[in-house]
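final_18.txt (compact mmCIF, C-alpha atoms and all ligand atoms) appears below.
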# COMPACT_ATOMS: atom_id res chain seq x y z
CA MET A 1 58.26 232.70 -15.68
CA ARG A 2 62.01 232.74 -16.05
CA VAL A 3 63.12 229.44 -17.62
CA VAL A 4 66.81 228.63 -17.24
CA ILE A 5 68.12 225.69 -19.29
CA GLU A 6 71.41 224.34 -17.97
CA ALA A 7 73.74 221.79 -19.56
CA ASN A 8 73.50 219.15 -16.82
CA VAL A 9 72.24 218.15 -13.39
CA GLN A 10 75.25 219.62 -11.60
CA ARG A 11 74.71 223.06 -13.12
CA VAL A 12 71.02 222.97 -12.10
CA GLY A 13 72.13 222.43 -8.49
CA GLU A 14 74.77 225.16 -8.66
CA VAL A 15 72.47 227.79 -10.16
CA ALA A 16 69.69 227.00 -7.66
CA ALA A 17 72.10 227.12 -4.71
CA GLU A 18 73.46 230.47 -5.87
CA ILE A 19 69.92 231.91 -5.92
CA LEU A 20 69.27 230.65 -2.36
CA ALA A 21 72.69 231.86 -1.18
CA ALA A 22 72.08 235.33 -2.67
CA GLN A 23 68.78 235.48 -0.76
CA VAL A 24 70.54 234.61 2.53
CA ARG A 25 73.29 237.19 1.84
CA ARG A 26 70.62 239.85 1.18
CA ASP A 27 68.70 238.94 4.33
CA PRO A 28 70.38 236.76 6.97
CA ARG A 29 66.94 236.16 8.54
CA SER A 30 65.48 234.78 5.29
CA VAL A 31 62.71 232.22 5.33
CA LEU A 32 63.51 229.37 2.92
CA GLY A 33 60.94 226.84 1.75
CA LEU A 34 62.67 223.49 1.20
CA ALA A 35 61.92 220.26 -0.67
CA THR A 36 63.00 216.63 -0.42
CA GLY A 37 63.46 213.91 -3.04
CA GLY A 38 66.31 213.37 -5.48
CA THR A 39 66.11 216.69 -7.34
CA PRO A 40 67.26 219.18 -4.67
CA CYS A 41 70.24 217.09 -3.49
CA GLY A 42 72.73 218.75 -5.88
CA CYS A 43 71.50 222.16 -4.76
CA TYR A 44 71.96 221.18 -1.10
CA ARG A 45 75.49 219.87 -1.76
CA GLU A 46 76.39 223.18 -3.39
CA LEU A 47 74.81 225.20 -0.56
CA ILE A 48 76.93 223.24 1.93
CA ALA A 49 80.01 224.00 -0.22
CA ILE A 50 79.18 227.73 -0.23
CA HIS A 51 78.72 227.65 3.57
CA ARG A 52 82.13 226.00 4.00
CA ARG A 53 83.96 228.02 1.36
CA ASP A 54 82.53 231.49 1.99
CA GLY A 55 81.31 231.10 5.57
CA LEU A 56 77.71 231.90 4.54
CA ASP A 57 75.87 232.22 7.85
CA PHE A 58 72.60 230.34 8.35
CA SER A 59 72.31 230.96 12.11
CA GLN A 60 69.24 233.19 11.73
CA VAL A 61 67.69 231.54 8.67
CA ARG A 62 64.27 229.93 9.12
CA THR A 63 63.20 226.94 6.99
CA PHE A 64 59.85 225.33 6.22
CA ASN A 65 59.67 222.06 4.28
CA LEU A 66 56.91 221.31 1.83
CA ASP A 67 55.74 218.03 3.25
CA GLU A 68 56.12 214.91 5.36
CA TYR A 69 54.74 211.39 5.02
CA TRP A 70 51.61 210.96 7.10
CA GLY A 71 51.68 208.35 9.86
CA ILE A 72 55.43 208.23 10.48
CA SER A 73 57.43 209.92 13.23
CA PRO A 74 60.28 212.39 12.70
CA ASP A 75 62.90 209.78 13.67
CA HIS A 76 61.65 207.19 11.12
CA PRO A 77 64.61 206.43 8.79
CA GLN A 78 62.58 207.40 5.70
CA SER A 79 60.90 210.46 7.17
CA TYR A 80 61.58 213.80 5.53
CA HIS A 81 62.81 215.03 8.94
CA THR A 82 65.55 212.39 8.71
CA PHE A 83 66.19 213.20 5.04
CA MET A 84 66.68 216.90 5.73
CA ARG A 85 69.05 216.24 8.65
CA ALA A 86 71.10 213.84 6.52
CA GLU A 87 71.20 215.92 3.32
CA LEU A 88 71.40 219.48 4.65
CA PHE A 89 70.69 220.49 8.23
CA GLN A 90 73.61 218.68 9.88
CA TYR A 91 76.10 220.51 7.61
CA LEU A 92 74.88 224.09 8.08
CA ASN A 93 74.86 226.28 11.19
CA LEU A 94 71.06 226.38 11.24
CA CYS A 95 69.37 226.56 14.62
CA PRO A 96 67.26 223.34 14.95
CA ALA A 97 64.39 225.38 16.43
CA ASN A 98 64.27 227.36 13.17
CA CYS A 99 63.87 224.27 10.93
CA HIS A 100 60.24 223.31 10.44
CA LEU A 101 58.53 220.34 8.84
CA PRO A 102 54.94 219.25 9.31
CA ARG A 103 54.66 216.35 11.76
CA GLY A 104 53.56 213.10 10.18
CA ASP A 105 52.72 211.63 13.58
CA ALA A 106 50.33 214.37 14.76
CA SER A 107 47.09 213.01 16.19
CA ASP A 108 44.92 215.67 14.55
CA SER A 109 45.73 216.42 10.90
CA ILE A 110 43.58 219.55 10.76
CA ALA A 111 45.16 221.06 13.90
CA GLU A 112 48.64 220.17 12.62
CA SER A 113 47.90 221.73 9.21
CA GLU A 114 46.66 224.92 10.83
CA ARG A 115 49.68 225.01 13.15
CA TYR A 116 52.00 224.71 10.14
CA GLU A 117 50.26 227.47 8.18
CA ARG A 118 50.37 229.71 11.27
CA GLY A 119 54.10 229.03 11.67
CA ILE A 120 54.77 230.20 8.10
CA ARG A 121 52.62 233.30 8.58
CA ASP A 122 54.26 234.15 11.93
CA ALA A 123 57.70 233.91 10.30
CA GLY A 124 56.58 236.60 7.84
CA GLY A 125 55.99 234.26 4.88
CA ILE A 126 58.43 232.34 2.70
CA ASP A 127 61.02 234.32 0.73
CA ILE A 128 62.00 231.53 -1.69
CA GLN A 129 60.24 228.19 -2.05
CA LEU A 130 62.33 225.42 -3.59
CA LEU A 131 60.23 222.88 -5.52
CA GLY A 132 60.78 219.57 -7.28
CA LEU A 133 58.25 218.26 -9.79
CA GLY A 134 56.42 214.96 -9.86
CA ARG A 135 56.18 213.15 -13.22
CA ASN A 136 52.43 213.69 -12.89
CA GLY A 137 52.87 217.46 -12.40
CA HIS A 138 52.61 217.54 -8.61
CA ILE A 139 54.36 220.12 -6.44
CA GLY A 140 54.67 219.27 -2.78
CA PHE A 141 52.29 216.32 -2.62
CA ASN A 142 49.53 218.21 -4.37
CA GLU A 143 48.55 215.42 -6.69
CA PRO A 144 46.58 216.02 -9.91
CA GLY A 145 43.13 217.31 -9.01
CA SER A 146 44.36 219.26 -5.99
CA SER A 147 42.59 222.55 -5.53
CA LEU A 148 44.71 225.43 -6.75
CA ALA A 149 43.44 227.31 -3.67
CA SER A 150 44.50 224.53 -1.27
CA ARG A 151 46.39 224.98 1.97
CA THR A 152 48.31 222.53 4.16
CA ARG A 153 46.39 219.27 4.60
CA VAL A 154 46.76 215.51 4.30
CA LYS A 155 46.57 214.20 0.71
CA HIS A 156 46.46 210.65 -0.63
CA LEU A 157 49.47 209.87 -2.79
CA ALA A 158 48.96 208.97 -6.45
CA ARG A 159 49.94 205.47 -7.60
CA GLN A 160 52.78 206.93 -9.70
CA THR A 161 54.13 208.86 -6.68
CA ILE A 162 54.10 205.71 -4.54
CA ASP A 163 55.96 203.82 -7.28
CA ASP A 164 58.46 206.66 -7.82
CA ASN A 165 59.22 206.91 -4.09
CA ALA A 166 59.50 203.14 -3.59
CA ARG A 167 63.25 203.52 -4.27
CA PHE A 168 63.63 205.25 -0.88
CA PHE A 169 61.64 202.55 0.97
CA GLY A 170 62.81 199.44 -0.87
CA ALA A 171 59.32 198.43 -2.08
CA PRO A 172 56.07 200.18 -3.08
CA GLU A 173 54.07 198.47 -0.30
CA LEU A 174 56.30 200.16 2.32
CA VAL A 175 55.59 203.70 1.03
CA PRO A 176 53.01 205.55 3.18
CA ARG A 177 49.71 206.11 1.34
CA SER A 178 49.35 209.78 2.29
CA ALA A 179 51.35 212.85 3.20
CA ILE A 180 50.81 216.16 4.95
CA THR A 181 51.70 218.84 2.42
CA MET A 182 51.62 222.59 1.92
CA GLY A 183 48.75 223.39 -0.43
CA VAL A 184 49.09 224.94 -3.87
CA GLN A 185 48.02 228.30 -2.48
CA THR A 186 50.50 227.99 0.41
CA ILE A 187 53.23 227.54 -2.22
CA LEU A 188 51.94 230.44 -4.33
CA ASP A 189 52.12 232.70 -1.26
CA ALA A 190 55.93 232.42 -1.30
CA ARG A 191 57.53 235.58 -2.68
CA HIS A 192 59.69 233.63 -5.15
CA CYS A 193 59.21 230.04 -6.37
CA LEU A 194 62.18 228.06 -7.64
CA LEU A 195 61.14 224.94 -9.57
CA LEU A 196 63.85 222.41 -10.42
CA ALA A 197 63.59 219.42 -12.74
CA THR A 198 66.19 217.13 -14.23
CA GLY A 199 66.12 214.06 -16.46
CA ILE A 200 64.02 212.97 -19.41
CA SER A 201 61.32 211.51 -17.13
CA LYS A 202 60.36 215.09 -16.16
CA ALA A 203 60.25 216.51 -19.70
CA GLY A 204 56.49 216.02 -20.18
CA ALA A 205 55.61 217.45 -16.77
CA ILE A 206 57.85 220.49 -17.29
CA ALA A 207 56.30 221.25 -20.68
CA ALA A 208 52.80 220.90 -19.21
CA ALA A 209 53.64 223.04 -16.15
CA VAL A 210 55.35 225.84 -18.08
CA GLU A 211 53.55 225.89 -21.43
CA GLY A 212 50.27 224.05 -20.91
CA PRO A 213 46.99 225.45 -19.62
CA VAL A 214 46.65 226.34 -15.93
CA THR A 215 44.79 223.35 -14.58
CA ALA A 216 44.36 221.40 -11.36
CA ALA A 217 45.23 218.34 -13.47
CA ILE A 218 48.83 219.66 -13.47
CA PRO A 219 49.17 221.42 -10.09
CA ALA A 220 52.59 222.89 -11.03
CA SER A 221 50.86 224.84 -13.85
CA ALA A 222 49.44 227.12 -11.12
CA LEU A 223 52.94 228.62 -10.93
CA GLN A 224 52.10 230.46 -14.17
CA LEU A 225 49.88 232.71 -12.03
CA HIS A 226 52.79 233.72 -9.78
CA PRO A 227 54.76 236.89 -10.63
CA GLN A 228 58.19 235.54 -9.67
CA VAL A 229 58.96 231.97 -10.68
CA THR A 230 62.36 230.65 -11.76
CA VAL A 231 62.34 227.26 -13.48
CA ILE A 232 65.76 225.60 -13.74
CA VAL A 233 66.01 222.48 -15.89
CA ASP A 234 68.72 220.42 -17.52
CA GLU A 235 68.68 219.72 -21.26
CA ASP A 236 66.81 216.42 -20.76
CA ALA A 237 63.99 217.96 -18.73
CA ALA A 238 63.81 220.79 -21.32
CA ALA A 239 63.39 218.33 -24.21
CA GLU A 240 59.64 218.96 -24.75
CA LEU A 241 59.62 222.75 -24.28
CA ARG A 242 58.27 224.40 -27.44
CA ASN A 243 59.72 227.84 -26.62
CA ARG A 244 63.23 226.58 -25.85
CA GLU A 245 64.91 229.06 -28.23
CA TYR A 246 63.13 232.01 -26.61
CA TYR A 247 64.17 230.94 -23.09
CA LEU A 248 67.81 230.67 -24.18
CA LEU A 249 67.63 234.08 -25.87
CA ALA A 250 66.03 235.70 -22.84
CA GLU A 251 68.71 234.29 -20.51
CA GLN A 252 71.42 235.56 -22.84
CA GLY A 253 69.74 238.98 -22.71
CA ARG A 254 69.69 238.88 -18.91
CA ARG A 255 73.41 238.14 -18.84
CA GLU A 256 74.29 240.90 -21.28
CA SER A 257 72.22 243.63 -19.69
CA SER A 258 70.90 244.03 -16.20
CA GLU A 259 69.38 247.44 -16.98
CA TYR A 260 65.83 246.21 -17.35
CA GLU A 261 66.20 243.52 -14.71
CA SER A 262 62.96 243.21 -12.80
CA PRO A 263 62.12 240.76 -10.05
CA GLN A 264 58.89 240.04 -11.95
CA HIS A 265 59.16 237.33 -14.56
C1 LIG B 301 59.30 216.62 -2.05
C2 LIG B 301 58.12 216.93 -2.84
C3 LIG B 301 57.84 216.31 -4.16
C4 LIG B 301 59.09 216.05 -5.01
C5 LIG B 301 58.72 215.39 -6.33
C6 LIG B 301 59.94 215.08 -7.17
O1 LIG B 301 59.34 217.37 -0.85
O2 LIG B 301 57.35 217.70 -2.39
O3 LIG B 301 56.97 217.14 -4.89
O4 LIG B 301 59.75 217.26 -5.25
O5 LIG B 301 58.01 214.21 -6.08
O6 LIG B 301 60.72 214.12 -6.53
P1 LIG B 301 62.18 213.75 -7.06
O7 LIG B 301 63.00 214.98 -6.87
O8 LIG B 301 62.64 212.63 -6.16
O9 LIG B 301 62.03 213.37 -8.48

Structure translated into structure tokens:
Amino acid sequence: MRVVIEANVQRVGEVAAEILAAQVRRDPRSVLGLATGGTPCGCYRELIAIHRRDGLDFSQVRTFNLDEYWGISPDHPQSYHTFMRAELFQYLNLCPANCHLPRGDASDSIAESERYERGIRDAGGIDIQLLGLGRNGHIGFNEPGSSLASRTRVKHLARQTIDDNARFFGAPELVPRSAITMGVQTILDARHCLLLATGISKAGAIAAAVEGPVTAAIPASALQLHPQVTVIVDEDAAAELRNREYYLLAEQGRRESSEYESPQH
């Protein structure tokens, strides 16, 4: 794992956006895995700025989001379809037909899950998967206890997730009780995983994901099994990392010499 500790939330967004932008420059037909929630918003703002400033072209880029609330339609004001349009899609020259999210209003969850997995496979797999982190260690909506071999399916949300997401709905009782989410294995199939976390409330989950044992109790810890993971955190989210000094040293080394640079972390 490459662990990048940045001074503040804004830098986390800038560094993440630069990694995504570099991927799109390398391959204009890149497949990006995207996330919702508060964490990726700074990254999306910076990606929009790069598109405007440098004319970065997204016309051939394909996107797949991690998840969608189950039981709500794409045009629901709190759906992740709506979120992605508002925070990112409307500002880039993406082709709407290339932007994929699982449908929360599908009649058959198993058929919809299989359709989503097939879509990712048919696109050639995900080049970079952007991830936020739940305070309970979830990635996507793979709540603690999720199989590390899981694929897209409907999962019940944990109490803490419902409470954390109540801010988007106005009250916990309005938050859907389940979501259709890529599985842990679907996420691990991406060629590069980019995990972002900011704020002191994520410090425990980051330490458990990066330095704790690999366990279904902390689904993000499965990322330790992936050969190319970049974790970008601000100082607050890094507060409980035991190997902080090593991560800083390693990043300094990367900056000073690119000779031994390897895509494997
Ligand atoms: C969102 C998602 C979730 C969030 C996580 C953190 O698509 O899959 O795993 O990334 O709940 O949410 P925020 O960023 O709001 O703290």

With ligand LIG 301 (chain B) as the partner and 8 Å as the cut-off, tabulate the residues of chain A that qualify, each row holding the nearest pair of atoms and their distance in Å to one decimal, using only C-alpha atoms and all ligand atoms, sorted by chain and rising number, as a tab-separated table.
residue	atom	partner	partner_atom	distance
A:Leu34	CA	B:LIG301	O1	7.3
A:Ala35	CA	B:LIG301	O1	3.9
A:Thr36	CA	B:LIG301	O1	3.8
A:Gly37	CA	B:LIG301	O8	3.5
A:Gly38	CA	B:LIG301	O8	3.8
A:Thr39	CA	B:LIG301	O7	3.6
A:Pro40	CA	B:LIG301	O7	6.4
A:Asn65	CA	B:LIG301	O1	7.0
A:Leu66	CA	B:LIG301	O1	5.3
A:Asp67	CA	B:LIG301	O1	5.5
A:Glu68	CA	B:LIG301	O1	7.4
A:Tyr80	CA	B:LIG301	O1	7.6
A:Leu131	CA	B:LIG301	O4	5.6
A:Gly132	CA	B:LIG301	O4	3.2
A:Leu133	CA	B:LIG301	C6	4.5
A:Gly134	CA	B:LIG301	O5	4.2
A:Arg135	CA	B:LIG301	C6	7.4
A:His138	CA	B:LIG301	O3	5.7
A:Ile139	CA	B:LIG301	O3	4.3
A:Gly140	CA	B:LIG301	O2	3.1
A:Phe141	CA	B:LIG301	O2	5.2
A:Asn142	CA	B:LIG301	O3	7.5
A:Thr161	CA	B:LIG301	O5	6.6
A:Asp164	CA	B:LIG301	O8	7.5
A:Asn165	CA	B:LIG301	O8	7.0
A:Thr181	CA	B:LIG301	O2	7.5
A:Ala197	CA	B:LIG301	O7	7.4

Exercise. Please provide the set of residues having any atom within 7 Å of Ala16 in chain A, restricted to all atoms listed in the file, with same-chain residues fewer than 4 positions apart removed, written as a PyMOL selection string.
Key: chain A and resi 12+20+43

Exercise. Please identify all polymer residues within 8 Å of range 209-213 of chain A, counting all atoms listed in the file, omitting same-chain residues fewer than 5 positions from it, and present them as a ChimeraX atom specification.
Key: /A:1,137,218-224,241-242

Practice problem: Using CA of Ala149 in chain A and CA of Val61 in chain A as the two end points, give the distance in Å to one decimal. | Solution: 27.5 Å

Exercise. For the point (45.2, 225.5, 1.5) in the file's frame, write as a list in words all residues with an atom no more than 8 Å away, counting all atoms listed in the file.
Key: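 Checking each residue against the 8 Å limit leaves Ala149, Ser150, Arg151, Thr152, Arg153, Met182, Gly183, Val184, Gln185 and Thr186 of chain A.
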
Exercise. Check the smallest atom-to-atom distance from each of A:Arg53, A:His265, A:His100, A:Arg29 to Cys193 in chain A using all atoms listed in the file, then report the winner.
Key: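 With all atoms listed in the file as the atom set, the closest residue is A:His265.
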
Self-check item: Selection as a ChimeraX atom specification: residues within 12 Å of (51.7, 222.7, 12.9), counting only C-alpha atoms
Solution: /A:64-65,67-68,100-122,152-153,180-182

Practice problem: Calculate how many Å separate CA of Pro227 in chain A from CA of Leu188 in chain A, rounding to one decimal. | Solution: 9.4 Å

Quiz item: Mind pulling up the distance from CA of Ile5 in chain A to CA of Ala207 in chain A?
Solution: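 Computing the Euclidean distance for CA of Ala207 in chain A and CA of Ile5 in chain A yields 12.7 Å.
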
Quiz item: Pick the closest to Leu88 in chain A from A:Asp234, A:Asp27, A:Glu256, A:Glu46: which is it, counting all atoms listed in the file?
Solution: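 Checking each of A:Asp234, A:Asp27, A:Glu256, A:Glu46 against Leu88 in chain A, counting all atoms listed in the file, the winner is A:Glu46.
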
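Between Ser79 in chain A and the residues A:Ala49, A:Leu194, A:Leu225, A:Ala179, the shortest atom-to-atom distance, using only C-alpha atoms, involves A:Ala179.
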
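In this comparison, which uses all atoms listed in the file, the residue of A:Gln264, A:Glu251, A:Thr198, A:Leu157 approaching Ala238 in chain A most closely is A:Thr198.
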
Quiz prompt | Residues within 12 Å of Arg2 in chain A, all atoms listed in the file, excluding chain neighbours under 4 positions, as a VMD selection string | solution = chain A and resid 192 to 196 210 223 to 224 226 to 233 243 to 244 246 to 254 261 to 265

Quiz prompt | Best match for closeness to Lys202 in chain A among A:Val4, A:Ala21, A:Glu235, A:Ala123, counting only C-alpha atoms | solution = A:Glu235

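With distances restricted to all atoms listed in the file, A:Asp57 is the closest residue to Val24 in chain A from A:Asp75, A:Glu87, A:Asp57, A:Glu143.
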
Exercise. Find the spatial neighbours of Val31 in chain A, counting all atoms listed in the file, within a cut-off of 8 Å - ignore same-chain residues fewer than 5 positions away - and output them as a list in words.
Key: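 Once the nearby chain positions are removed, what remains is Val61, Arg62, Thr63, Phe64, Ala123, Gly124, Gly125, Ile126, Asp127 and Ile128 of chain A.
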
Can you save range 144-156 of chain A of the given block to a file, including all heavy atoms and formatted as an mmCIF file, in the first residue's frame?
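Everything below was put into selection.cif:
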data_model
loop_
_atom_site.group_PDB
_atom_site.id
_atom_site.type_symbol
_atom_site.label_atom_id
_atom_site.label_comp_id
_atom_site.auth_asym_id
_atom_site.auth_seq_id
_atom_site.Cartn_x
_atom_site.Cartn_y
_atom_site.Cartn_z
ATOM 1 N N PRO A 144 -19.404 -4.292 7.811
ATOM 2 C CA PRO A 144 -18.626 -5.309 8.529
ATOM 3 C C PRO A 144 -19.315 -6.675 8.487
ATOM 4 O O PRO A 144 -20.525 -6.772 8.699
ATOM 5 C CB PRO A 144 -18.559 -4.747 9.953
ATOM 6 C CG PRO A 144 -18.606 -3.271 9.755
ATOM 7 C CD PRO A 144 -19.546 -3.058 8.595
ATOM 8 N N GLY A 145 -18.534 -7.695 8.171
ATOM 9 C CA GLY A 145 -19.090 -9.040 8.026
ATOM 10 C C GLY A 145 -19.302 -9.420 6.575
ATOM 11 O O GLY A 145 -19.577 -10.579 6.268
ATOM 12 N N SER A 146 -19.163 -8.451 5.670
ATOM 13 C CA SER A 146 -19.315 -8.765 4.240
ATOM 14 C C SER A 146 -18.237 -9.747 3.810
ATOM 15 O O SER A 146 -17.072 -9.608 4.205
ATOM 16 C CB SER A 146 -19.159 -7.488 3.395
ATOM 17 O OG SER A 146 -20.242 -6.625 3.588
ATOM 18 N N SER A 147 -18.620 -10.671 2.964
ATOM 19 C CA SER A 147 -17.631 -11.613 2.443
ATOM 20 C C SER A 147 -16.573 -10.853 1.657
ATOM 21 O O SER A 147 -16.890 -9.964 0.854
ATOM 22 C CB SER A 147 -18.320 -12.623 1.517
ATOM 23 O OG SER A 147 -17.335 -13.252 0.714
ATOM 24 N N LEU A 148 -15.317 -11.231 1.874
ATOM 25 C CA LEU A 148 -14.241 -10.588 1.120
ATOM 26 C C LEU A 148 -14.229 -11.092 -0.322
ATOM 27 O O LEU A 148 -13.503 -10.574 -1.146
ATOM 28 C CB LEU A 148 -12.887 -10.823 1.806
ATOM 29 C CG LEU A 148 -12.800 -10.327 3.263
ATOM 30 C CD1 LEU A 148 -11.369 -10.440 3.780
ATOM 31 C CD2 LEU A 148 -13.305 -8.892 3.410
ATOM 32 N N ALA A 149 -15.035 -12.111 -0.619
ATOM 33 C CA ALA A 149 -15.158 -12.622 -1.991
ATOM 34 C C ALA A 149 -16.461 -12.145 -2.637
ATOM 35 O O ALA A 149 -16.845 -12.646 -3.693
ATOM 36 C CB ALA A 149 -15.105 -14.150 -1.981
ATOM 37 N N SER A 150 -17.129 -11.178 -2.004
ATOM 38 C CA SER A 150 -18.472 -10.795 -2.482
ATOM 39 C C SER A 150 -18.436 -10.025 -3.785
ATOM 40 O O SER A 150 -17.447 -9.371 -4.126
ATOM 41 C CB SER A 150 -19.185 -9.957 -1.410
ATOM 42 O OG SER A 150 -18.376 -8.879 -1.008
ATOM 43 N N ARG A 151 -19.575 -10.120 -4.491
ATOM 44 C CA ARG A 151 -19.784 -9.379 -5.737
ATOM 45 C C ARG A 151 -21.048 -8.542 -5.564
ATOM 46 O O ARG A 151 -21.710 -8.604 -4.522
ATOM 47 C CB ARG A 151 -19.905 -10.343 -6.906
ATOM 48 C CG ARG A 151 -18.647 -11.135 -7.119
ATOM 49 C CD ARG A 151 -18.404 -11.461 -8.585
ATOM 50 N NE ARG A 151 -16.989 -11.726 -8.787
ATOM 51 C CZ ARG A 151 -16.089 -10.825 -9.126
ATOM 52 N NH1 ARG A 151 -16.448 -9.583 -9.382
ATOM 53 N NH2 ARG A 151 -14.827 -11.142 -9.250
ATOM 54 N N THR A 152 -21.381 -7.769 -6.591
ATOM 55 C CA THR A 152 -22.516 -6.847 -6.497
ATOM 56 C C THR A 152 -23.772 -7.566 -5.997
ATOM 57 O O THR A 152 -24.128 -8.637 -6.491
ATOM 58 C CB THR A 152 -22.787 -6.213 -7.875
ATOM 59 O OG1 THR A 152 -21.596 -5.559 -8.302
ATOM 60 C CG2 THR A 152 -23.928 -5.219 -7.808
ATOM 61 N N ARG A 153 -24.417 -6.959 -4.999
ATOM 62 C CA ARG A 153 -25.636 -7.503 -4.403
ATOM 63 C C ARG A 153 -26.242 -6.437 -3.509
ATOM 64 O O ARG A 153 -25.616 -5.414 -3.248
ATOM 65 C CB ARG A 153 -25.357 -8.770 -3.565
ATOM 66 C CG ARG A 153 -24.654 -8.440 -2.229
ATOM 67 C CD ARG A 153 -23.348 -9.152 -2.170
ATOM 68 N NE ARG A 153 -22.646 -8.926 -0.920
ATOM 69 C CZ ARG A 153 -21.841 -7.889 -0.712
ATOM 70 N NH1 ARG A 153 -21.678 -6.928 -1.612
ATOM 71 N NH2 ARG A 153 -21.191 -7.765 0.437
ATOM 72 N N VAL A 154 -27.439 -6.737 -3.004
ATOM 73 C CA VAL A 154 -28.089 -5.805 -2.071
ATOM 74 C C VAL A 154 -27.651 -6.148 -0.651
ATOM 75 O O VAL A 154 -27.641 -7.310 -0.258
ATOM 76 C CB VAL A 154 -29.632 -5.869 -2.219
ATOM 77 C CG1 VAL A 154 -30.309 -5.071 -1.108
ATOM 78 C CG2 VAL A 154 -30.052 -5.334 -3.583
ATOM 79 N N LYS A 155 -27.219 -5.124 0.090
ATOM 80 C CA LYS A 155 -26.784 -5.300 1.486
ATOM 81 C C LYS A 155 -27.610 -4.414 2.402
ATOM 82 O O LYS A 155 -27.935 -3.270 2.054
ATOM 83 C CB LYS A 155 -25.322 -4.834 1.639
ATOM 84 C CG LYS A 155 -24.279 -5.794 1.160
ATOM 85 C CD LYS A 155 -24.190 -7.083 1.954
ATOM 86 C CE LYS A 155 -23.618 -6.920 3.348
ATOM 87 N NZ LYS A 155 -23.508 -8.238 4.037
ATOM 88 N N HIS A 156 -27.918 -4.910 3.590
ATOM 89 C CA HIS A 156 -28.533 -4.067 4.622
ATOM 90 C C HIS A 156 -27.496 -3.069 5.121
ATOM 91 O O HIS A 156 -26.325 -3.419 5.275
ATOM 92 C CB HIS A 156 -29.039 -4.924 5.787
ATOM 93 C CG HIS A 156 -30.288 -5.662 5.426
ATOM 94 N ND1 HIS A 156 -31.513 -5.034 5.351
ATOM 95 C CD2 HIS A 156 -30.496 -6.947 5.083
ATOM 96 C CE1 HIS A 156 -32.420 -5.915 4.978
ATOM 97 N NE2 HIS A 156 -31.836 -7.086 4.807
#
